[in-house]
Structure formats: C-alpha cells, structure tokens
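Colleague: Input file: structure05.txt. Contents: compact mmCIF, C-alpha atoms.
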```txt
# COMPACT_ATOMS: atom_id res chain seq x y z
CA MET A 15 123.98 103.26 117.87
CA ASP A 16 124.50 106.55 116.06
CA ALA A 17 123.81 109.87 117.74
CA ARG A 18 120.74 110.59 115.66
CA ARG A 19 119.15 107.30 116.63
CA ALA A 20 120.02 107.93 120.29
CA ARG A 21 118.36 111.36 120.15
CA PHE A 22 115.35 109.82 118.47
CA GLU A 23 115.03 107.18 121.17
CA ALA A 24 115.37 109.75 123.92
CA GLN A 25 112.84 112.18 122.45
CA VAL A 26 110.29 110.03 120.71
CA LEU A 27 110.21 106.56 122.26
CA PRO A 28 109.01 107.82 125.68
CA HIS A 29 105.74 108.48 123.83
CA LEU A 30 105.32 104.94 122.57
CA ASP A 31 102.56 104.17 125.06
CA ALA A 32 100.73 107.32 124.04
CA ALA A 33 101.12 106.34 120.39
CA TYR A 34 99.78 102.85 121.05
CA ARG A 35 96.85 104.07 123.16
CA PHE A 36 95.88 106.53 120.46
CA ALA A 37 96.29 103.97 117.66
CA ARG A 38 94.28 101.46 119.67
CA TRP A 39 91.44 103.94 119.98
CA LEU A 40 91.53 104.66 116.27
CA ALA A 41 92.08 101.17 114.86
CA HIS A 42 89.83 98.15 114.74
CA SER A 43 92.06 95.72 116.57
CA ARG A 44 95.20 95.35 118.62
CA ALA A 45 97.06 93.94 115.65
CA ASP A 46 96.08 96.90 113.45
CA ALA A 47 97.05 99.32 116.22
CA GLU A 48 100.47 97.70 116.59
CA ASP A 49 101.08 97.84 112.84
CA ILE A 50 100.09 101.50 112.78
CA VAL A 51 102.42 102.34 115.67
CA GLN A 52 105.34 100.56 114.05
CA ASP A 53 104.68 102.32 110.77
CA ALA A 54 104.39 105.67 112.56
CA VAL A 55 107.61 105.22 114.54
CA LEU A 56 109.57 104.36 111.40
CA ARG A 57 108.13 107.35 109.58
CA ALA A 58 108.94 109.51 112.57
CA LEU A 59 112.55 108.33 112.44
CA ARG A 60 112.78 109.16 108.75
CA GLY A 61 111.32 112.61 109.33
CA PHE A 62 112.97 113.21 112.68
CA GLU A 63 114.67 116.42 111.51
CA GLY A 64 111.16 117.80 111.09
CA LEU A 65 110.57 117.71 114.82
CA ARG A 66 112.87 120.69 115.54
CA GLY A 67 111.76 121.60 119.00
CA SER A 68 108.03 121.02 118.54
CA ASP A 69 106.24 118.86 121.05
CA ALA A 70 107.41 115.30 120.32
CA ARG A 71 104.26 113.63 121.61
CA ALA A 72 101.86 115.80 119.59
CA TRP A 73 104.08 115.32 116.56
CA LEU A 74 104.16 111.53 116.93
CA LEU A 75 100.41 111.38 117.50
CA SER A 76 99.72 113.36 114.32
CA ILE A 77 101.84 110.85 112.44
CA VAL A 78 99.88 107.99 114.04
CA ARG A 79 96.69 109.71 112.98
CA ASN A 80 97.88 110.03 109.38
CA CYS A 81 99.07 106.43 109.27
CA HIS A 82 95.71 105.28 110.53
CA ALA A 83 93.89 107.40 107.94
CA THR A 84 95.97 105.81 105.18
CA THR A 85 95.45 102.26 106.46
CA TYR A 86 91.77 102.90 106.93
CA GLN A 87 91.37 104.19 103.41
CA GLN A 88 93.17 101.14 102.05
CA HIS A 89 90.86 98.90 104.07
CA LYS A 90 87.85 100.75 102.80
CA ARG A 91 88.99 100.43 99.22
CA ARG A 92 89.70 96.74 99.62
CA ALA A 93 86.42 96.14 101.38
CA ALA A 94 84.45 98.07 98.82
CA VAL A 95 85.90 96.27 95.80
CA PRO A 96 86.47 92.64 96.76
CA LEU A 97 88.30 90.54 94.21
CA PRO A 98 86.17 87.70 92.82
CA GLU A 99 88.15 84.93 94.53
CA GLU A 100 87.76 86.63 97.87
CA GLY A 101 84.17 85.60 98.30
CA ASP A 102 80.89 87.35 97.88
CA ALA A 103 80.26 90.94 98.81
CA GLN A 104 78.55 90.01 102.05
CA ASN A 105 81.80 88.68 103.40
CA ALA A 106 83.74 91.76 102.45
CA HIS A 107 83.85 92.98 106.04
CA VAL A 108 85.87 89.90 106.99
CA MET A 109 88.76 91.42 105.11
CA VAL A 110 88.67 94.45 107.35
CA ALA A 111 88.65 92.51 110.59
CA SER A 112 92.09 91.20 111.40
CA GLU A 113 93.08 87.79 112.71
CA PRO A 114 92.21 87.15 116.33
CA ASP A 115 95.26 87.73 118.44
CA PRO A 116 95.88 84.66 120.65
CA GLU A 117 96.99 86.82 123.52
CA SER A 118 93.80 88.79 123.63
CA LEU A 119 91.85 85.55 123.85
CA THR A 120 93.12 84.76 127.30
CA LEU A 121 93.26 87.06 130.24
CA GLN A 122 91.97 90.19 128.59
CA ARG A 123 89.11 88.72 126.63
CA ASP A 124 86.28 90.43 128.46
CA ASP A 125 88.03 93.76 128.66
CA GLU A 126 88.83 93.58 125.00
CA ARG A 127 85.24 92.84 124.16
CA THR A 128 83.99 95.76 126.18
CA PHE A 129 86.59 97.93 124.53
CA GLU A 130 85.63 96.77 121.03
CA ARG A 131 81.92 97.22 121.63
CA LEU A 132 82.17 100.66 123.15
CA LEU A 133 84.75 102.12 120.81
CA GLY A 134 83.43 100.30 117.76
CA ALA A 135 80.14 102.13 118.21
CA LEU A 136 81.74 105.57 118.47
CA SER A 137 82.63 107.51 115.36
CA GLN A 138 86.25 108.07 114.46
CA GLU A 139 85.85 111.83 115.03
CA HIS A 140 84.58 111.20 118.54
CA ARG A 141 87.17 108.59 119.43
CA GLU A 142 90.13 110.76 118.60
CA VAL A 143 89.13 113.82 120.60
CA LEU A 144 88.14 111.69 123.59
CA ALA A 145 91.41 109.76 123.59
CA LEU A 146 93.48 112.92 123.32
CA ARG A 147 91.55 114.68 126.08
CA GLU A 148 90.93 111.91 128.62
CA LEU A 149 93.99 109.68 128.15
CA GLU A 150 96.65 112.08 126.88
CA GLU A 151 95.23 114.94 128.96
CA MET A 152 95.87 117.37 126.14
CA SER A 153 94.55 120.92 126.18
CA TYR A 154 92.01 121.93 123.54
CA ARG A 155 94.81 123.74 121.73
CA GLU A 156 97.01 120.67 121.63
CA ILE A 157 94.11 118.54 120.41
CA ALA A 158 93.46 121.12 117.71
CA GLU A 159 97.07 120.83 116.65
CA VAL A 160 97.04 117.05 116.38
CA THR A 161 93.71 116.87 114.59
CA SER A 162 94.05 120.06 112.47
CA LEU A 163 90.68 121.26 113.76
CA PRO A 164 89.72 124.71 115.05
CA VAL A 165 89.61 124.89 118.85
CA GLY A 166 85.88 125.65 118.81
CA THR A 167 85.23 122.45 116.88
CA VAL A 168 87.35 120.47 119.33
CA MET A 169 85.22 121.79 122.17
CA SER A 170 81.83 121.01 120.64
CA ARG A 171 82.97 117.67 119.27
CA LEU A 172 84.29 116.69 122.66
CA ALA A 173 80.89 117.44 124.20
CA ARG A 174 79.10 115.29 121.63
CA ALA A 175 81.66 112.51 121.97
CA ARG A 176 81.24 112.43 125.72
CA SER A 177 77.51 112.26 125.58
CA ALA A 178 77.68 109.54 122.91
CA LEU A 179 80.08 107.44 124.98
CA LYS A 180 77.97 107.92 128.08
CA GLU A 181 74.90 106.60 126.26
CA LEU A 182 76.82 103.60 125.00
CA TRP A 183 78.22 102.87 128.39
CA LEU A 184 74.83 103.04 130.02
CA LYS A 185 73.57 100.48 127.52
CA GLU A 186 76.63 98.32 128.01
CA THR A 187 76.21 98.22 131.76
CA GLU A 188 72.44 97.85 131.88
CA GLY A 189 71.57 95.56 134.75
CA GLU A 190 75.19 95.61 135.82
CA PRO A 191 75.55 98.12 138.63
CA SER A 192 79.33 98.25 138.38
CA GLY A 193 79.61 100.17 135.11
CA VAL A 194 79.93 103.91 135.04
CA ARG A 195 79.25 104.46 138.67
CA MET B 11 71.30 118.89 130.07
CA ALA B 12 70.08 121.64 127.79
CA CYS B 13 71.65 124.44 129.81
CA ALA B 14 73.20 127.03 127.53
CA GLU B 15 76.28 127.07 129.73
CA ALA B 16 77.06 123.38 129.18
CA LEU B 17 80.02 124.01 126.84
CA ARG B 18 81.56 126.51 129.23
CA VAL B 19 81.05 124.13 132.10
CA GLN B 20 82.85 121.46 130.10
CA ALA B 21 85.71 123.87 129.37
CA TYR B 22 85.90 124.63 133.10
CA PHE B 23 85.95 120.91 133.90
CA ASP B 24 88.78 120.46 131.37
CA GLY B 25 90.85 123.17 133.02
CA GLU B 26 90.53 125.50 130.04
CA LEU B 27 89.16 128.48 131.98
CA GLU B 28 91.09 130.74 134.27
CA GLY B 29 90.45 133.66 136.56
CA ALA B 30 87.20 135.50 136.08
CA ALA B 31 85.84 133.04 133.55
CA ALA B 32 86.37 130.15 135.95
CA GLY B 33 84.74 132.19 138.73
CA ASP B 34 81.70 132.80 136.52
CA VAL B 35 81.26 129.09 135.95
CA GLN B 36 81.68 128.29 139.64
CA ARG B 37 78.93 130.74 140.49
CA HIS B 38 76.76 129.30 137.74
CA LEU B 39 77.25 125.78 139.09
CA GLN B 40 75.96 126.83 142.50
CA GLY B 41 72.65 127.75 140.95
CA CYS B 42 72.29 125.14 138.18
CA ALA B 43 71.49 121.54 139.10
CA ASP B 44 71.70 120.42 135.46
CA CYS B 45 75.28 121.62 135.18
CA ARG B 46 76.25 120.09 138.51
CA ALA B 47 74.92 116.79 137.20
CA LEU B 48 76.92 117.35 134.01
CA VAL B 49 80.14 117.78 135.95
CA GLU B 50 79.44 114.59 137.87
CA ASP B 51 78.84 112.75 134.61
CA LEU B 52 82.04 114.09 133.11
CA GLU B 53 83.97 112.95 136.16
CA ARG B 54 82.48 109.45 136.11
CA LEU B 55 83.14 109.10 132.43
CA ARG B 56 86.73 110.25 132.79
CA THR B 57 87.35 107.81 135.64
CA ALA B 58 85.79 104.97 133.69
CA ILE B 59 87.76 105.72 130.52
CA ARG B 60 91.04 105.86 132.39
CA ARG B 61 90.22 102.65 134.23
CA ASP B 62 88.71 100.51 131.48
CA LEU B 63 89.69 101.96 128.13
CA ASN B 64 93.34 102.66 128.73
CA PRO B 65 95.46 100.12 126.83
CA VAL B 66 99.25 99.97 127.13
CA ALA B 67 101.82 98.93 124.58
CA SER B 68 102.85 95.33 125.09
CA PRO B 69 106.51 94.44 125.70
CA GLN B 70 106.29 92.51 122.41
CA LEU B 71 105.45 95.70 120.56
CA ARG B 72 108.40 97.48 122.13
CA THR B 73 110.73 94.69 121.08
CA ARG B 74 109.28 94.66 117.60
CA ILE B 75 109.77 98.39 117.22
CA THR B 76 113.34 98.27 118.48
CA GLN B 77 114.06 95.55 115.93
CA ALA B 78 112.41 97.53 113.17
CA LEU B 79 114.50 100.58 114.09
CA ASP B 80 117.65 98.45 114.06
CA ALA B 81 116.78 97.29 110.57
CA GLN B 82 116.68 100.88 109.31
CA ALA B 83 119.70 102.09 107.40
CA PRO B 84 121.50 105.11 108.85
CA ALA B 85 120.08 108.47 107.92
CA PRO B 86 120.47 109.07 104.19
CA VAL B 87 122.67 112.02 103.29
CA ARG B 88 120.91 114.20 100.80
CA ALA B 89 122.94 116.15 98.30
CA LEU B 90 120.77 119.21 98.68
CA LYS B 91 121.26 119.68 102.36
CA PRO B 92 124.54 121.14 103.52
CA ARG B 93 125.74 119.27 106.58
CA ALA B 94 126.33 122.23 108.82
CA PRO B 95 123.58 122.07 111.42
CA ARG B 96 125.62 123.77 114.13
CA GLN B 97 126.00 126.98 112.18
CA ARG B 98 122.29 127.24 111.89
CA ALA B 99 121.82 126.92 115.62
CA PHE B 100 122.64 130.59 116.09
CA TRP B 101 119.64 131.65 114.03
CA LEU B 102 117.31 129.06 115.41
CA GLY B 103 118.30 129.73 118.99
CA ALA B 104 118.19 133.48 118.70
CA LEU B 105 114.80 133.50 117.02
CA SER B 106 113.07 130.62 118.75
CA GLY B 107 109.59 130.36 117.30
CA VAL B 108 110.36 132.50 114.29
CA SER B 109 111.55 130.71 111.20
CA ALA B 110 115.00 132.01 110.39
CA SER B 111 114.48 131.81 106.69
CA ALA B 112 111.09 133.48 106.97
CA LEU B 113 112.60 136.43 108.75
CA ALA B 114 115.60 136.57 106.47
CA ALA B 115 113.40 136.35 103.40
CA ALA B 116 111.23 139.14 104.73
CA MET B 117 114.30 141.32 105.31
CA LEU B 118 115.62 140.58 101.87
CA PHE B 119 112.26 141.49 100.44
CA ILE B 120 112.27 144.82 102.20
CA LEU B 121 115.79 145.57 101.01
CA LEU B 122 115.48 144.48 97.44
CA SER B 123 111.99 145.03 96.18
CA PRO B 124 109.96 148.20 95.99
CA MET B 125 107.00 148.13 98.31
CA LEU B 126 104.72 149.45 95.61
CA GLY B 127 103.40 147.80 92.48
CA SER B 128 103.07 144.08 91.99
CA ALA B 129 105.23 143.15 94.92
CA LEU B 130 104.09 139.57 95.26
CA PRO B 131 105.97 138.03 92.31
CA ASP B 132 109.11 139.84 93.42
CA GLU B 133 108.64 138.58 96.92
CA LEU B 134 108.27 135.03 95.68
CA VAL B 135 111.34 135.21 93.46
CA SER B 136 113.30 136.63 96.37
CA ALA B 137 112.13 133.81 98.58
CA HIS B 138 112.94 131.29 95.86
CA LEU B 139 116.45 132.69 95.38
CA HIS B 140 116.98 133.08 99.05
CA SER B 141 116.16 129.44 99.58
CA PHE B 142 119.46 128.54 97.91
CA LEU B 143 121.53 130.16 100.62
CA PRO B 144 123.15 127.47 102.75
CA ALA B 145 120.78 125.68 105.08
CA GLN B 146 117.70 127.67 104.09
CA LEU B 147 116.18 125.37 101.52
CA ILE B 148 114.82 122.63 103.70
CA GLN B 149 113.68 122.63 107.29
CA VAL B 150 111.93 119.29 107.23
CA GLU B 151 113.79 116.84 105.09
CA SER B 152 111.58 114.05 103.83
CA SER B 153 109.87 112.63 100.79
CA ASP B 154 107.15 111.30 103.06
CA HIS B 155 103.93 113.28 103.28
CA HIS B 156 103.21 111.69 106.67
CA THR B 157 106.11 113.59 108.18
CA VAL B 158 106.02 116.77 106.11
CA LYS B 159 102.32 117.50 106.51
CA PRO B 160 102.19 117.36 110.31
CA TRP B 161 105.33 119.49 110.47
CA PHE B 162 103.51 122.29 108.68
CA ALA B 163 100.77 122.20 111.29
CA GLY B 164 103.16 123.76 113.78
CA HIS B 165 105.15 125.98 111.44
CA ALA B 166 102.85 127.41 108.78
CA ASP B 167 99.40 128.95 108.67
CA VAL B 168 98.08 126.57 106.04
CA SER B 169 98.02 122.86 105.31
CA PRO B 170 98.84 122.31 101.64
CA VAL B 171 98.57 119.27 99.42
CA VAL B 172 101.73 117.26 100.17
CA ALA B 173 102.74 114.46 97.82
CA ASP B 174 105.83 113.02 96.23
CA PHE B 175 105.80 112.60 92.45
CA ALA B 176 109.14 110.86 92.10
CA GLY B 177 107.53 108.47 89.62
CA ALA B 178 106.88 111.39 87.29
CA GLY B 179 110.34 112.88 87.86
CA TYR B 180 109.42 115.38 90.58
CA ARG B 181 110.96 114.22 93.81
CA LEU B 182 109.70 115.80 97.03
CA VAL B 183 112.82 116.54 99.02
CA GLY B 184 111.35 118.45 101.93
CA GLY B 185 109.58 121.53 103.12
CA ARG B 186 110.02 124.73 105.06
CA ALA B 187 108.04 127.68 106.32
CA ASP B 188 108.55 131.02 104.63
CA SER B 189 107.03 134.48 104.72
CA VAL B 190 104.72 135.35 101.82
CA ASP B 191 102.13 138.10 101.77
CA ARG B 192 102.75 138.59 105.49
CA GLN B 193 101.73 135.01 106.26
CA ARG B 194 103.63 131.93 107.28
CA ALA B 195 103.47 130.10 103.99
CA ALA B 196 104.13 126.39 103.63
CA VAL B 197 106.80 125.67 101.03
CA LEU B 198 107.33 122.30 99.39
CA VAL B 199 110.66 121.73 97.71
CA TYR B 200 110.77 119.49 94.66
CA GLN B 201 113.74 118.42 92.65
CA HIS B 202 113.31 117.91 88.92
CA GLY B 203 116.54 116.91 87.21
CA ALA B 204 119.04 119.62 88.10
CA HIS B 205 116.30 122.12 88.94
CA VAL B 206 114.74 122.98 92.25
CA ILE B 207 111.08 123.97 92.31
CA ASN B 208 109.62 125.79 95.29
CA VAL B 209 105.87 125.44 95.73
CA PHE B 210 104.51 128.12 98.06
CA THR B 211 101.09 127.81 99.69
CA TRP B 212 99.34 130.46 101.71
CA GLU B 213 95.83 131.58 102.50
CA ALA B 214 94.14 133.19 99.48
CA ARG B 215 93.33 136.76 100.43
CA ARG B 216 93.29 138.69 97.21
CA GLY B 217 91.39 137.77 94.10
CA GLY B 218 92.52 138.02 90.51
CA VAL B 219 96.22 137.41 90.94
CA VAL B 220 98.22 136.78 87.77
CA ARG B 221 98.02 133.25 86.49
CA GLN B 222 101.60 133.09 85.40
CA THR B 223 104.50 135.44 85.12
CA THR B 224 108.29 135.57 84.78
CA ARG B 225 110.73 137.58 86.88
CA ASN B 226 114.48 137.64 86.31
CA GLY B 227 114.20 134.48 84.27
CA TYR B 228 112.23 132.57 86.91
CA HIS B 229 108.83 131.27 85.89
CA MET B 230 105.91 131.36 88.27
CA ILE B 231 102.52 129.71 88.04
CA PHE B 232 99.79 130.77 90.43
CA TRP B 233 96.63 128.85 91.13
CA THR B 234 94.06 128.51 93.88
CA ASP B 235 92.53 125.43 95.40
CA ALA B 236 89.68 125.95 97.84
CA ASP B 237 90.93 128.70 100.19
CA LEU B 238 94.57 128.23 99.37
CA GLN B 239 96.77 130.21 97.03
CA TYR B 240 99.57 128.22 95.44
CA CYS B 241 102.58 129.39 93.48
CA ALA B 242 105.25 127.22 91.87
CA VAL B 243 108.57 128.99 91.16
CA SER B 244 111.54 127.66 89.23
CA ASP B 245 114.05 128.16 86.46
CA THR B 246 112.70 125.11 84.65
CA GLY B 247 110.81 125.57 81.41
CA TRP B 248 107.10 126.31 81.35
CA ASP B 249 106.21 122.76 80.37
CA GLU B 250 108.06 121.15 83.25
CA LEU B 251 106.59 123.64 85.70
CA SER B 252 103.02 123.16 84.46
CA THR B 253 103.39 119.38 84.68
CA LEU B 254 104.14 119.63 88.38
CA VAL B 255 101.24 122.06 88.86
CA ARG B 256 98.92 119.61 87.14
CA LEU B 257 100.15 116.73 89.35
CA ILE B 258 99.58 118.75 92.52
CA ARG B 259 96.13 119.88 91.43
CA GLU B 260 95.11 116.33 90.55
CA GLN B 261 96.36 115.16 93.93
CA GLY B 262 94.29 117.92 95.56
CA VAL B 263 91.18 116.67 93.80
CA ARG B 264 91.92 113.09 94.90
CA GLU B 265 92.31 114.19 98.50
CA ALA B 266 89.12 116.20 98.44
CA HIS B 267 87.11 113.30 96.98
CA PRO B 268 88.79 110.07 98.08
```
Would you kindly transcribe this structure into structure tokens?

Modeller:
Amino acid sequence: MDARRARFEAQVLPHLDAAYRFARWLAHSRADAEDIVQDAVLRALRGFEGLRGSDARAWLLSIVRNCHATTYQQHKRRAAVPLPEEGDAQNAHVMVASEPDPESLTLQRDDERTFERLLGALSQEHREVLALRELEEMSYREIAEVTSLPVGTVMSRLARARSALKELWLKETEGEPSGVR
Amino acid sequence: MACAEALRVQAYFDGELEGAAAGDVQRHLQGCADCRALVEDLERLRTAIRRDLNPVASPQLRTRITQALDAQAPAPVRALKPRAPRQRAFWLGALSGVSASALAAAMLFILLSPMLGSALPDELVSAHLHSFLPAQLIQVESSDHHTVKPWFAGHADVSPVVADFAGAGYRLVGGRADSVDRQRAAVLVYQHGAHVINVFTWEARRGGVVRQTTRNGYHMIFWTDADLQYCAVSDTGWDELSTLVRLIREQGVREAHP
C-alpha cells in the first residue's frame, strides 16, 4: 500500500461510520446509502490533497452530502421522465425505490420500518441538520460548514426539525407507551 | 412552546452558550415552565434518536469499500503540479490558517502595483502571474467538483460555480484560495491547450466594474452572477476566454434552476 493510501486510510476511514449514518439519513434506503458512501470515499481519495489539515470528518460529510444531492437529482430526473417501456407514470416512483435488501428483511425489519417511516416523512433539510447535531454531535458552526448554511439558519432549522420529528414520533408511537418516553 | 426564549434555550441545550449567556438561560429556565418542558422534550428526542435512529456501517460495506479502494489506480501525477510538497511545508506550517499564496500574492500586489487608480485588474494579473511560481497554482488538485467545492467552504469566502468542461477543451485541474479585493477569493484553475486560465470568484462589493480589459498582454473578463463577482484571466485569445466564461455562466444557470 502506498503512503498516500495509508494516510488516507488513517485520516478518512475512521469516519466511515459517520459517513454511513449521514448517508442513511439522507438516502431512501440502505442500498442507496451504501452506494453514496462508496462513491464519496472514492471521490475523497481522488481529492485527498484538498483536505490539507481541515477537519476530515466534516470534509467527508460534505462530500457525502454532494454525492447524495447528485444521486437524488438523477433519481428525480428519471422519475419525472419515465421511458415508455418503463411503465406508466403512476409507477414512476418504483424506479426511485431500490431493491429490498435481503438482510434488512430479517432481524432489523421492524427497526428499518420505523426508520423509513420517521425519516421518510421528514424533509431533507430537517434530516441533515438533525443527523449532524444529534448523531455527529457537531456544533452549529460545524453544521454550517458541512451544509453551507449561515449559523442562524442552522439554529432555526434545527428547532423546526426537532419539533417536526417529535410530532412524527408521537404519531408513530400512539398507543405504544414505549416510544419517546 | 411559544416562549420567545425557545431558540436560546435550544442553543443552551446544545452547549452553544457559555458564561453569562448560559447563566441567563439557566435563570430563565427557573421561571419558565414552557422552556423546562422544551428541554425535557429535547432530551427525550436526543435519547430516542441515538437509540433508534443510529445506523452503523455493515462489515460488508467496509469490505466493499476496501476493495473499491484497492481497485483505484495510484494517484495520477499531473504535469502542472511540481512534486515538491516538503518545500511548501515551511509556508504552510508557518502560516497555519493563512493561505501561503494568498499572503504572497497580497505582498506582491503591495510591492508591484500602485495603490491608487484601477488597482483591481493589476491585482488580478499579479495573482495570475504569481500562480505560476512553483507550488502556488493548485492547492486542491482535482477535476471533480465534489471535492473542489467543499474544499472552498473552508478556505474561501465564497462558493463559486465549480464544473469541469474537459469535453469542450477546458479541463478543470484544481483550485486554490487567493486574496482579491481584500477577500479570500476562490480560484478555479483550468487548462486549455498550453494555456492556464485562472477564474477568480469573490463577493461582489462594487458596482460597475469593467467588463473586460487587458493588462500586460493578459486578457480579463469580469462578470457577476447573483452576489458573486467573477473574473477569468489568461493569455489565451479573447474567443477562447469568452467560451469558458459562457460555459461557466450556463452552468451557473443550470445550478440555479435544476
């Protein structure tokens, strides 16, 4: 393994879980999230010289965010303009949903469903600030850096995202006392 | 939950407040039941997110990524970039946080150009020329906008349109931060045949700047897009330079209205 690759692995790969978590919050499925992370890691390797002492995790997460935006736009385009042989327009959304992942059909099925329902109902803008704050424990400044938003916007968006998720969770756990306790 | 202090309470909960500001919120919490309930909610939500919405990368994904990395060719050696990274370390180390070329360009500007008159074109030509000194041209070496654009977030004051137009003969070879009009400008470096084109982007502050001009044989085209001032500088002909400007502007329109 060359020295550059070794440095890359030492600096960037420790943030693979963070990259996956973030991608999973942004993407529609596990499979999409994994594709995005792979894409992001390869792009990060190609642009590794660009890191130059900045925060490797924030840097990798901004690349994940860009990769997701690109994938998402491609999905949107494909979904919006289905080719004739791909069925009628009503089925266009099928092209966005990815294949069910056999693994997620076993042990984690219920968790996955909860995850899909809750996050699927949140907007992209809300998901990203929540994931960065609650899972990555980033400061408002760091979140602003990853999302290219002003800090004030991060703060107000975070408040709206939290209240939106709380509403969703209350609905999700109605009649089920073990939800958000 | 309509308390006017709710945002500050959230900032306190997130550890964003210190000292007196944190003390203010603590006192407020003692007297405000709504905000105490808010903090409890925030805590429950955080616990629940970390417990139930906290996926981890599977071992399969790790294996897949290692394999994908193995399949990558070794780092390409670009003709434009002198392979002398150690010599640059002196600058970078001594000026941590300050771009070496930005500082050097600013110094050169002070030395070479009169502070009066239309200083901006001179400044840009200086920066363009200065970029050819060893190791100054490119700080982030990539033709990939996914790596160049985020790099600017930490190194420049603006986020320009970043795109490669290799198909049209303008290859994006990288970017750097440079000092223009007392700002940290983002600079994209394109190669067109044997010519290098620097595209500077900074925050538009003054109106009515020249549309195009020539200094010491270097052509410059200025334009604005939203709040950003752009300038392309090169020793190419006018036609080649305006083609790149048109490509960048069209890309800007596409990004604004996807």

Colleague: Report, in Å with one decimal, the straight-line distance from CA of Tyr200 in chain B to CA of Asp235 in chain B.

Modeller: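 Between these atoms lies a distance of 19.2 Å.
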
Colleague: I'd like the contact shell of Trp248 in chain B - 12 Å cut-off, all atoms listed in the file, skipping same-chain residues fewer than 6 positions apart - returned as a list in words.

Modeller: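 With the cut-off at 12 Å, the set is Ile207, Gln222, Thr223, Thr224, Gly227, Tyr228, His229, Met230, Ile231, Ala242, Leu254 and Val255 of chain B.
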
Colleague: Can you pull out every residue within 8 Å of range 159-172 of chain B, counting only C-alpha atoms, but drop anything in the same chain fewer than 3 positions away, and send it as a PyMOL selection string?

Modeller: (chain A and resi 64-65+68+73+76-77+159-160+162) or (chain B and resi 109+150+155-156+186-188+193-196+198+211-213+238+258+261-262)

Colleague: Quick one: contact table of chain B to chain A, 7 Å max, nearest atom pair and distance in Å to one decimal per residue, counting only C-alpha atoms, chain and number order, as CSV?

Modeller:
```
residue,atom,partner,partner_atom,distance
B:Arg54,CA,A:Val194,CA,6.2
B:Leu55,CA,A:Val194,CA,6.6
B:Arg56,CA,A:Glu148,CA,6.1
B:Ala58,CA,A:Val194,CA,6.1
B:Arg60,CA,A:Leu149,CA,6.4
B:Leu63,CA,A:Phe129,CA,6.2
B:Asn64,CA,A:Arg35,CA,6.7
B:Pro65,CA,A:Arg35,CA,5.6
B:Val66,CA,A:Asp31,CA,5.7
B:Ala67,CA,A:Asp31,CA,5.3
B:Leu71,CA,A:Glu48,CA,6.7
B:Ile75,CA,A:Gln52,CA,5.9
B:Leu79,CA,A:Leu56,CA,6.8
B:Gln149,CA,A:Gly64,CA,6.6
B:Val150,CA,A:Gly64,CA,4.2
B:Glu151,CA,A:Gly61,CA,6.5
B:Ser152,CA,A:Gly61,CA,5.7
B:His156,CA,A:Ile77,CA,6.0
B:Thr157,CA,A:Gly61,CA,5.4
B:Pro160,CA,A:Ser76,CA,6.2
B:Trp161,CA,A:Gly64,CA,6.1
B:Ala163,CA,A:Glu159,CA,6.7
```

Colleague: Using only C-alpha atoms, find the one residue out of B:Val206, B:Val263, B:Phe232, B:Arg46 that sits nearest to Thr246 in chain B.

Modeller: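 So, comparing all the options, the nearest one is B:Val206.
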
Colleague: By how many Å are CA of Ala137 in chain B and CA of Val209 in chain B apart?

Modeller: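 Atom-to-atom, CA of Ala137 in chain B and CA of Val209 in chain B are spaced 10.8 Å apart.
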
Colleague: Calculate how many Å separate CA of Val158 in chain B from CA of His29 in chain A, rounding to one decimal.

Modeller: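 Going from CA of Val158 in chain B over to CA of His29 in chain A covers 19.6 Å.
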
Colleague: Can you tell me, as a list of chain:residue names, what residues are no more than 12 Å from His38 in chain B when counting all atoms listed in the file, ignoring any on the same chain fewer than 2 positions away?

Modeller: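 That gives B:Cys13, B:Ala14, B:Glu15, B:Ala16, B:Arg18, B:Val19, B:Tyr22, B:Ala31, B:Ala32, B:Gly33, B:Asp34, B:Val35, B:Gln36, B:Gln40, B:Gly41, B:Cys42, B:Ala43, B:Asp44, B:Cys45, B:Arg46.
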
Colleague: Which centre and which edge lengths, in Å to one decimal, describe the axis-aligned box that holds all listed atoms of range 67-80 of chain A after 5 Å is added on each side, as JSON?

Modeller:
```
{"center_x": 104.2, "center_y": 114.8, "center_z": 115.5, "size_x": 25.1, "size_y": 23.6, "size_z": 22.2}
```

Colleague: Nearest to Gly185 in chain B among B:Gln20, B:Leu48, B:Glu53, B:Ser141, with distances taken over only C-alpha atoms: which residue is it?

Modeller: B:Ser141
